[in-house]
Structure formats: structure tokens, C-alpha cells
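To start, the structure itself, in C-alpha cells.
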Amino acid sequence: MSHPSLAGAFTANRDRAHWHDRALWFVREKRDRMASSVPEWEDLRQHASAIKMHTMSQLPHYLEQFEKNAIAAGAQVHWAIDGDEHNRIVHEILQRHGVRKLVKSKSMLTEECQLNPYLEKHGIEVIDTDLGERIVQLRNEHPSHIVLPAIHIKKEEVGECFHQHLGTEKGASDPKYLTEAARQHLRERFCSADAGITGVNFAIAETGGFVVCTNEGNADLGVSLPKIHIACMGIEKLVPRASDLAVFLRLLARSATGQPITTYSSHFHGPRQGCELHIVLVDNGRSEILKSSEFRRSLNCIRCGACMNTCPVFRRSGGHSYESTIPGPIGSILTPLRTPEAHSSLPFACSLCGSCTDVCPVKIDLHHQLLAMRGFLDRKRLIGMSKKVAMKLMSGLLSQTWMYTTAGKAARTALRWLPRFAVYNPLNPWGRQRELPDAPPESFRDLYRKHQAQPSTSVSGSEDSDRSKSQGGHHDNIA
Amino acid sequence: MTTSRDTIFANLRTALPESAPLPDLPPTGPWQTFDDPLARFSEVLESVGGLCVRVPSLEAADQQLNQIPEWQQAVVRVSVVDGVGDSTIDPDAISDPHDLESVDFAVLSGHFGVAENAAIWVTDDTVRHRVLYFLPQRLAMVIPSRQIVHNMHEAYGRLKIGQHAFAGFISGPSKTADIEQSLVIGAHGARALTVFAVDSL
């Protein structure tokens, strides 16, 4: 299904869509408060971007260095060309140790590789331990957001789900009560699991270790009790030096949830005594993305989710409408790169407003890439005729002055005189869920001509243009 | 036979991006600092659900600890800090970390704190089982009050990363907001964190 049809289903429930929008905007506002409390915020973003660009330019070198140091620290390193190989490697390790029950903390990579269904098919019980992920797992769903997996679910629905699966009281919806129930339920799993899987937030080339960030402590509990720790990471997760972590740990939680840092930022180097640590490095299309000068910056992503929280389309259409492990602006680049046929509608779920680019902690030029992605899909002949014809007509109209001015005049007149039912009806999607703006009495062209005729007087509205100059700063962020 | 590793490296080497410089990140660079790092540390710790108590000595920390009702009520207690609290079991005598499941309250030691985000640096050499940082119901952490760095750059400047199988920053008790963005303290790890910042250390 395409994004517009799934989004249409989501917005059909207006109250819910509005609630979802507000919940994410709340997180975006927390992020803003945190960002503005760090005077060198913009420098940090610049450094983060530069570190990632540098790392990508020498990725084979840093991967070799990481591998060597990780092995020296006692870890076992595995390489997977794609998701299937990743799943086989993980399964073989588990099989060798007779693992029946596995606890897993949040890892978008294992979602991407669809590890859970693979292992379940082979008779291994996989328990997602992040609270949000556990909720969506019990509901047989996928996360709708990479940092807030259950952001689309209301507490009453969590209550119903827990009543069915964990035996909480019927009708209970207090987040505190429900979280406590999940704590008890998952503690029992932590203590009886045979192995733990984590993702990796950052891997350090110079030390051969990696960092995992959580607030709940689920990753740490999951790997501090059983004897097997498997860490799954994409090959783009590297940073060259430990000191680079300072930049990323300062940016990550502030951008993601508006916290100064996650509760736990754990650094792993080698296994616990008498235990095993496996690191699975996965390509799964990343080396192809690196070859593309247009899209390689998307590999800088540190999965904070800030672009989703700020995106006006994501907030109003919900993460599931993207049908993609990584939804939102960054997902609308990464996913069509891998599966263009199935996801050709994603880069159009975007108004090119540039808000994602403004908040991205590693300065990915997201809205530029989203535009470039439309060209990429067009070159693959994946853009529908209706869109192409509309674009052709529009570009014809905009390239002829007389057509443009006539159309503008017609629109101004129509907006002023047409009765409501002629504008707000099912035939005009632009009139849905919004009020069209009041038609201005004259066009900008008319205003400008008048102004030129009397150059000495001050122009009304100059304040506005000054303000828009200082606010429309997102172009400054594009290197 | 070509391995996946070979294929990945060969693929990566076909079209590497132009080289770009790695920025210099000095520990005392143009980074945020605070007039009173400990005050800032306490303030941030409180905002993330923890509590910082400044005490002149370990004896004073011990007295303060004994006034915490949850410590008084704790059936299974562990302390790895000499002079602060006591242990009802010997965590070093336990070989299987699962046996620490019932710990109600643990007193652990941290090396230093970070003012900007109330993070405390901990390492696995102060405990036999690292799970003690995550499994006990409640935690107290003892840190030297004079060892509060301003920011993360300064923190990494004093660390040699890679010396410990486990090390990390802990900032406040465990928490989640996964149900409708309502913050709940006590997700899977500690339900509470009290930090004793000790002057005499």
C-alpha cells in the first residue's frame, strides 16, 4: 500500500491523529529546550557531521582496526553481507549453546533483518525487553517509531494488552501500574534467559569496543546475567576515537528525547570472564549507499528519531504509514534506496519544509536528499503517471508569465467568491482538515509595482520580511 | 573461497568518498563549563529522578544512608564501599550473578561525575558482578565531591577507554516514558539512585 492510502486511514480518526501529533511535538519541544541549553550545540553538530564524513571516507580502514582490537579484547567478530546471513550467524551461535530463550534490547538492525521471525521459526523464544517494543511485540505489531516504538498506542490499549498477556487488572491504564507489571514480567525473563542480544549505538575503532545507550537498563540486564552476549551492528556505526563519543553522547539523548544523556551509556570491551561476546557486522546494502554521492550522507544517521518528531507529515500520519523499519524523513531515504519498487511513495510524504534538516544532530541534508530521491525514483520509472502529468502541467504553467498571473488572479477571485461547498468538498483534497488562507487583495507582483512607483515611503510588511530572514535559517545548515 | 568479509571490503573500496578531515576535540576545548560543577550536577541529577547528598566524610554518608527508609527496610543489602552501609551477603563469594536477584539495596562506588548531565563513570573492577549496577531495586553511589568534571569532553579526556570489559556512565535511576510519554521511574534497573558526594575522598 502507498503512504497516502495508509496515512488516509490514520487521519480518518481525527482525534487520534491530533493526539499523536501533540505527543510527538511535546518531545520535539523538549529537544529544543535541551539544544538551546548547550551554547556550542551548532559546533557539536558540525563536529558530529565531520567525524562521520571522515569515518565514511576511510571506512574499510576503521573496520579493520575495529575488528583487530575487538578480537584482541576477546570478542568474536562475524561479517554478514545481508539480513539472511546475519540471521543465520546469530542462529548458529544460539544453536551451538543450546539457547531456547533470548532477551533482546532495542536494535533497529535486527528489525531490519527480521531476526525475530527467523529465530521463532527455529523454535527460539525471543523476548523484546524495551517496554515499548515489548508492547508492540505482544500486540503482534512493529514499532511505529525508532525511539518511541509504542508512541501510536494509547494507555488504555496497553492496559488491555497487559490484561490479556500479563494478567493486569481489567480496565487499568495507569502508566505507573502498567510499567510495574512489565517490570515484574520481564525480570523473570531476564533471570531465565540463556542469551542476550543488543544493538550498538557507537563502535570505537581505536579500542574495539562499543557503546549501548538505554534509559530502562534492559540492554545491561539482558547481557549481564546470561553467558552469551551478541551485539548486532551495521557497518556504519563506527567512530574512530573514544573521544568522539563525547560529541555523540552529548547530541544523542538531547536530540532523541530531550534528556541530557540516557540513564545508561555502557561501554563493552570483550566478554565477561567465562562468557562469550559476539559482534555481528552487517552490510545489507550499506556499501552500495556509500557509493552514491547523492545519498551517502544518510549513513551518518545515529537513529535519534528527531527528524520524525519534528516532521509535520510523520506526526500526522503515524509511523506505520511508511511500512518501513525506519520511518519518517530518514526512512524515506534509506528504505527506497533498498526497495524502490515497494516504497516509491515515501519521498513524497514530505513538504520539503526542511525542519528535519534543522534538527538532525549529524547534519544530514535530509530535505535535499528527499528531493533527490524523487529524481532517483523517476530515473527508475517508478513515479506514477498522475504525478508526472500534474508536474508537467504545473511546470508549463509556472514557466509562462501570463499563465501564472492569470492563474493567480483566478485563484484569488475564486477563493473570495466561491461558496464554501465549492471549495470544501471531497473533490478538493486541499480543503480537507484545513481552512484555506484568505485571498490577498492583490498579488506580490502588484504590490511590488506599487512600491517601485513610490520608492521613498517605507514598505508595509518590512518587519515580516526581516523576521522571515532570521527564522528561515535552515539553509545555513546545509554545508 | 571468497568470504562475506572479503566481499564487503571489496565493495567498500570500489567507491570511497573523498577524504575529509577528522576534527580535533581537545578535552578543554570551547565547551560548556559551570561556575559550580557540583551544584549543576545535583540540579541535573534531581531533574532525572535522582538525589545528590553532599557529605564531609564517609561516616557522614553512612549516617545519611541509615536514614533512608528503603535502606532500613532492605532485607538483602550489599555495600562495596568500606564504611558506608553493610552487606547481608558477600557479593564476591557468589559465582553466579543470578544469585544477586534478590538484592534490595546496593551501595556502589563511582569514579567521578559529569556536571552537564549528572552522569557517573563506573567500572567493573569495583564489583565482581557488573549486574550489581542494574539488578538491585535501589542504589546509592559514592563519589568524590571534588571529582566533578564540567562536560563529556573533559570526562573522556581523563579516561582510558578499553581497559574494562564493562564500564559506563549512569545518570539517575532507570526510567521509561514508553506508555503515552508519561515518565515512570524504575523501569528494569534501579528504582532510585542516591548519590553521596563525599568531600574527604
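Starting from 1 in every chain, residues are counted up; chains themselves are A, B, ... following the order of the C-alpha cells, and ligands are numbered from 1 as listed.
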Who sits within 9 Å of Asn309 (chain A), only C-alpha atoms, same chain under 3 positions skipped, as an mmCIF file with C-alpha atoms, in the first residue's frame:
```cif
data_model
loop_
_atom_site.group_PDB
_atom_site.id
_atom_site.type_symbol
_atom_site.label_atom_id
_atom_site.label_comp_id
_atom_site.auth_asym_id
_atom_site.auth_seq_id
_atom_site.Cartn_x
_atom_site.Cartn_y
_atom_site.Cartn_z
ATOM 1 C CA ASP A 21 0.780 14.899 16.570
ATOM 2 C CA ALA A 23 2.635 13.662 21.698
ATOM 3 C CA LEU A 24 5.497 13.973 19.220
ATOM 4 C CA TRP A 25 5.536 17.742 19.286
ATOM 5 C CA PHE A 26 5.929 17.526 23.064
ATOM 6 C CA VAL A 27 9.131 15.516 22.507
ATOM 7 C CA ARG A 28 10.311 17.966 19.860
ATOM 8 C CA ALA A 256 16.088 11.941 20.772
ATOM 9 C CA GLY A 305 14.424 9.972 15.737
ATOM 10 C CA ALA A 306 14.468 13.792 15.936
ATOM 11 C CA PRO A 312 4.674 17.524 10.071
ATOM 12 C CA PHE A 314 5.099 11.895 10.275
ATOM 13 C CA ARG A 315 3.330 13.475 13.226
ATOM 14 C CA GLY A 328 9.902 9.301 8.756
ATOM 15 C CA CYS A 356 14.226 17.574 9.657
#
```
- Message: Env of region 13-17 of chain B: 8 Å cut, atoms = only C-alpha atoms, seq-sep filter 3 positions within chain, self excluded. Answer as number ranges by chain.
- Response: A: 56-58, 60, 290-291, 293; B: 9-10
Output file for the selection above: N, CA and C atoms, as a short mmCIF file (atom, residue, chain, number, x, y, z; two decimals), in the first residue's frame:
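Output below, filename part.cif:
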```
data_model
loop_
_atom_site.label_atom_id
_atom_site.label_comp_id
_atom_site.auth_asym_id
_atom_site.auth_seq_id
_atom_site.Cartn_x
_atom_site.Cartn_y
_atom_site.Cartn_z
N MET A 56 33.42 7.66 7.13
CA MET A 56 32.93 7.04 5.90
C MET A 56 34.00 7.04 4.81
N SER A 57 34.84 8.11 4.80
CA SER A 57 35.86 8.18 3.75
C SER A 57 36.97 7.16 3.97
N GLN A 58 37.05 6.62 5.20
CA GLN A 58 38.08 5.61 5.47
C GLN A 58 37.46 4.39 6.13
N PRO A 60 36.80 1.20 5.34
CA PRO A 60 37.48 -0.10 5.39
C PRO A 60 38.62 -0.10 6.41
N LEU A 290 27.01 3.85 0.26
CA LEU A 290 28.25 4.62 0.38
C LEU A 290 28.78 5.04 -1.00
N LYS A 291 28.47 4.24 -2.02
CA LYS A 291 28.95 4.56 -3.36
C LYS A 291 28.21 5.76 -3.97
N SER A 293 27.08 9.36 -4.30
CA SER A 293 27.44 10.68 -3.77
C SER A 293 26.19 11.44 -3.34
N PHE B 9 34.47 -5.73 2.04
CA PHE B 9 35.62 -4.81 1.92
C PHE B 9 35.87 -4.44 0.46
N ALA B 10 35.75 -5.42 -0.44
CA ALA B 10 35.97 -5.12 -1.85
C ALA B 10 34.94 -4.10 -2.32
#
```
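CA of Leu249 (chain A) is found 26.4 Å from CA of Trp79 (chain A).
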Considering only C-alpha atoms, tabulate each residue of chain A that lies at most 7 Å from chain B along with its nearest interatomic pair and the corresponding distance in Å to one decimal; arrange the rows by chain and ascending residue number and present them as a tab-separated table.
```
residue	atom	partner	partner_atom	distance
A:Val38	CA	B:Gln32	CA	6.9
A:Pro39	CA	B:Gln32	CA	6.7
A:Glu40	CA	B:Trp31	CA	6.6
A:His47	CA	B:Pro23	CA	6.3
A:Ala50	CA	B:Leu22	CA	6.4
A:Ile51	CA	B:Leu22	CA	5.6
A:Met53	CA	B:Ala20	CA	6.3
A:His54	CA	B:Ala20	CA	4.7
A:Ser57	CA	B:Pro17	CA	4.9
A:Pro60	CA	B:Phe9	CA	6.1
A:Trp79	CA	B:Arg5	CA	5.5
A:Ala80	CA	B:Ser4	CA	6.1
A:Ile81	CA	B:Ser4	CA	5.6
A:Leu131	CA	B:Asp178	CA	6.3
A:Gly132	CA	B:Asp178	CA	5.1
A:Leu148	CA	B:Asp178	CA	6.3
A:Ala150	CA	B:Asp178	CA	6.3
A:Ile151	CA	B:Glu180	CA	6.4
A:Lys154	CA	B:Glu180	CA	6.3
A:Lys155	CA	B:Ile179	CA	6.0
A:Pro175	CA	B:Ile179	CA	5.9
A:Lys176	CA	B:Val184	CA	5.9
A:Thr179	CA	B:Ala187	CA	6.7
A:Arg183	CA	B:His188	CA	5.6
A:Cys191	CA	B:His98	CA	6.4
A:Thr207	CA	B:Gly162	CA	5.6
A:Gly209	CA	B:Gly162	CA	6.7
A:Asn215	CA	B:Lys175	CA	5.5
A:Glu216	CA	B:Ser174	CA	4.9
A:Gly217	CA	B:Gly189	CA	5.1
A:Asn218	CA	B:His188	CA	6.0
A:Asp220	CA	B:Phe134	CA	6.9
A:Leu221	CA	B:Phe134	CA	6.1
A:Ser224	CA	B:Val131	CA	5.3
A:Leu225	CA	B:Pro97	CA	6.0
A:Ala242	CA	B:Ile161	CA	6.5
A:Ser243	CA	B:Tyr156	CA	5.6
A:Ala246	CA	B:Met152	CA	5.0
A:Pro260	CA	B:Asn117	CA	5.0
A:Ile261	CA	B:Asn117	CA	6.0
A:Thr262	CA	B:Ser171	CA	7.0
A:Thr263	CA	B:Ser171	CA	4.6
A:Tyr264	CA	B:Ile170	CA	4.8
A:Ser265	CA	B:Phe169	CA	5.1
A:Ser266	CA	B:Gly168	CA	4.2
A:His267	CA	B:Ala167	CA	5.2
A:Phe268	CA	B:Phe166	CA	5.0
A:His269	CA	B:Ala165	CA	4.4
A:Gly270	CA	B:Ala165	CA	5.3
A:Pro271	CA	B:Ala165	CA	6.2
A:Arg272	CA	B:Ala165	CA	6.4
A:Asp283	CA	B:Ile8	CA	6.9
A:Ser287	CA	B:Leu12	CA	5.4
A:Lys291	CA	B:Ala15	CA	5.2
```
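Residues of region 35-116 of chain B that DSSP, applied to the backbone, places in strand (DSSP E): Leu51, Cys52, Val53, Arg54, Val55, Arg77, Val78, Ser79, Phe105, Ala106, Val107, Leu108, Ser109, Phe112, Gly113 and Val114 of chain B.
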Let's have the selection written as a PDB file, in the first residue's frame, with C-alpha atoms.
```
ATOM      1  CA  LEU B  51      19.182  12.792  44.508  1.00  0.00           C
ATOM      2  CA  CYS B  52      22.629  14.136  45.379  1.00  0.00           C
ATOM      3  CA  VAL B  53      23.664  14.496  49.019  1.00  0.00           C
ATOM      4  CA  ARG B  54      26.925  16.259  49.775  1.00  0.00           C
ATOM      5  CA  VAL B  55      28.654  14.961  52.909  1.00  0.00           C
ATOM      6  CA  ARG B  77      21.845  -5.392  51.255  1.00  0.00           C
ATOM      7  CA  VAL B  78      25.198  -5.106  49.563  1.00  0.00           C
ATOM      8  CA  SER B  79      27.850  -2.448  50.042  1.00  0.00           C
ATOM      9  CA  PHE B 105      19.683  -2.110  48.016  1.00  0.00           C
ATOM     10  CA  ALA B 106      23.297  -1.784  46.893  1.00  0.00           C
ATOM     11  CA  VAL B 107      25.916   0.824  47.753  1.00  0.00           C
ATOM     12  CA  LEU B 108      28.417   1.142  44.911  1.00  0.00           C
ATOM     13  CA  SER B 109      31.251   3.418  44.066  1.00  0.00           C
ATOM     14  CA  PHE B 112      33.718  10.854  39.005  1.00  0.00           C
ATOM     15  CA  GLY B 113      30.651  12.794  37.940  1.00  0.00           C
ATOM     16  CA  VAL B 114      29.860  14.974  34.929  1.00  0.00           C
TER      17      VAL B 114
END
```
- Item | DSSP-assigned alpha helix (DSSP H) members of region 395-465 of chain A, reported as a PyMOL selection string | chain A and resi 395-399+401-417+420-423+444-453+462-465
- Task: To one decimal in Å, tell me the separation between CA of Arg191 (chain B) and CA of His185 (chain A).
- Result: 15.8 Å
- Message: With only C-alpha atoms as the counted atoms, please give the residues lying no more than 9 Å from Gln46 (chain A), apart from itself and same-chain residues fewer than 3 positions off, as a VMD selection string.
- Response: chain A and resid 41 to 43 49 to 51 361 to 363
Those residues with C-alpha atoms, as an mmCIF file, in the first residue's frame please?
```
data_model
loop_
_atom_site.group_PDB
_atom_site.id
_atom_site.type_symbol
_atom_site.label_atom_id
_atom_site.label_comp_id
_atom_site.auth_asym_id
_atom_site.auth_seq_id
_atom_site.Cartn_x
_atom_site.Cartn_y
_atom_site.Cartn_z
ATOM 1 C CA TRP A 41 25.230 22.993 20.081
ATOM 2 C CA GLU A 42 25.817 24.016 16.477
ATOM 3 C CA ASP A 43 29.546 23.296 16.800
ATOM 4 C CA SER A 49 28.952 15.530 10.849
ATOM 5 C CA ALA A 50 32.692 15.911 10.201
ATOM 6 C CA ILE A 51 33.554 12.819 12.270
ATOM 7 C CA PRO A 361 22.284 16.198 15.065
ATOM 8 C CA VAL A 362 24.659 14.925 12.382
ATOM 9 C CA LYS A 363 23.548 17.460 9.773
#
```
Find the residues near Pro144 (chain B): any atom within 8 Å, counting only C-alpha atoms, skip ones fewer than 2 places away on the same chain, and give them as a CSV table (one decimal) with N, CA and C atoms, in the first residue's frame.
```
chain,number,residue,atom,x,y,z
B,111,HIS,N,33.6,6.7,40.0
B,111,HIS,CA,34.9,7.4,39.9
B,111,HIS,C,34.8,8.9,39.9
B,112,PHE,N,33.9,9.4,39.1
B,112,PHE,CA,33.7,10.9,39.0
B,112,PHE,C,32.4,11.2,38.4
B,142,VAL,N,28.6,6.3,45.7
B,142,VAL,CA,29.5,7.1,46.5
B,142,VAL,C,30.6,7.7,45.5
B,146,ARG,N,34.9,16.3,44.9
B,146,ARG,CA,35.9,17.2,44.1
B,146,ARG,C,36.1,16.7,42.7
B,147,GLN,N,35.6,15.5,42.4
B,147,GLN,CA,35.8,14.9,41.1
B,147,GLN,C,34.5,15.1,40.3
B,148,ILE,N,34.2,16.3,40.0
B,148,ILE,CA,33.1,16.6,39.0
B,148,ILE,C,33.7,17.4,37.9
B,197,ALA,N,28.1,12.6,47.5
B,197,ALA,CA,29.3,13.3,47.1
B,197,ALA,C,30.1,13.6,48.3
B,198,VAL,N,31.2,12.9,48.5
B,198,VAL,CA,32.0,12.9,49.7
B,198,VAL,C,33.2,13.9,49.6
B,199,ASP,N,33.3,14.8,50.5
B,199,ASP,CA,34.4,15.8,50.5
B,199,ASP,C,35.7,15.2,50.8
B,200,SER,N,35.8,14.2,51.7
B,200,SER,CA,37.1,13.7,52.2
B,200,SER,C,37.7,12.7,51.2
B,201,LEU,N,37.0,12.3,50.2
B,201,LEU,CA,37.6,11.4,49.2
B,201,LEU,C,38.5,12.1,48.2
```
- Task: Could you give me, as a ChimeraX atom specification, the residues within 9 Å of His165 (chain A), counting only C-alpha atoms and dropping anything in the same chain fewer than 4 positions from it?
- Result: /A:138,160-161
Generate the output file for the selected residues, C-alpha atoms, as a PDB file, in the first residue's frame.
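File written: part25.pdb
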```pdb
ATOM      1  CA  LEU A 138       2.658  -8.609  22.484  1.00  0.00           C
ATOM      2  CA  GLU A 160      -5.997  -4.172  27.583  1.00  0.00           C
ATOM      3  CA  CYS A 161      -2.923  -5.835  26.094  1.00  0.00           C
TER       4      CYS A 161
END
```
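Nearest residue to Asp36 (chain B), choosing from B:Arg138, B:Thr126, B:Ile94, B:Ala115 and counting only C-alpha atoms: B:Ala115.
The spacing separating CA of Val99 (chain A) from CA of Asp194 (chain A) amounts to 5.4 Å.
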Please identify all polymer residues within 8 Å of Gly83 (chain B), counting only C-alpha atoms, omitting same-chain residues fewer than 2 positions from it, and present them as a PDB file with C-alpha atoms, in the first residue's frame.
```
ATOM      1  CA  LEU B  58      32.278   8.502  54.616  1.00  0.00           C
ATOM      2  CA  GLU B  59      30.940   8.354  58.202  1.00  0.00           C
ATOM      3  CA  ASP B  62      26.865   6.173  56.320  1.00  0.00           C
ATOM      4  CA  VAL B  81      32.200   0.919  49.855  1.00  0.00           C
ATOM      5  CA  GLY B  85      26.416   0.650  54.897  1.00  0.00           C
ATOM      6  CA  ASP B  86      26.906  -3.072  55.279  1.00  0.00           C
TER       7      ASP B  86
END
```
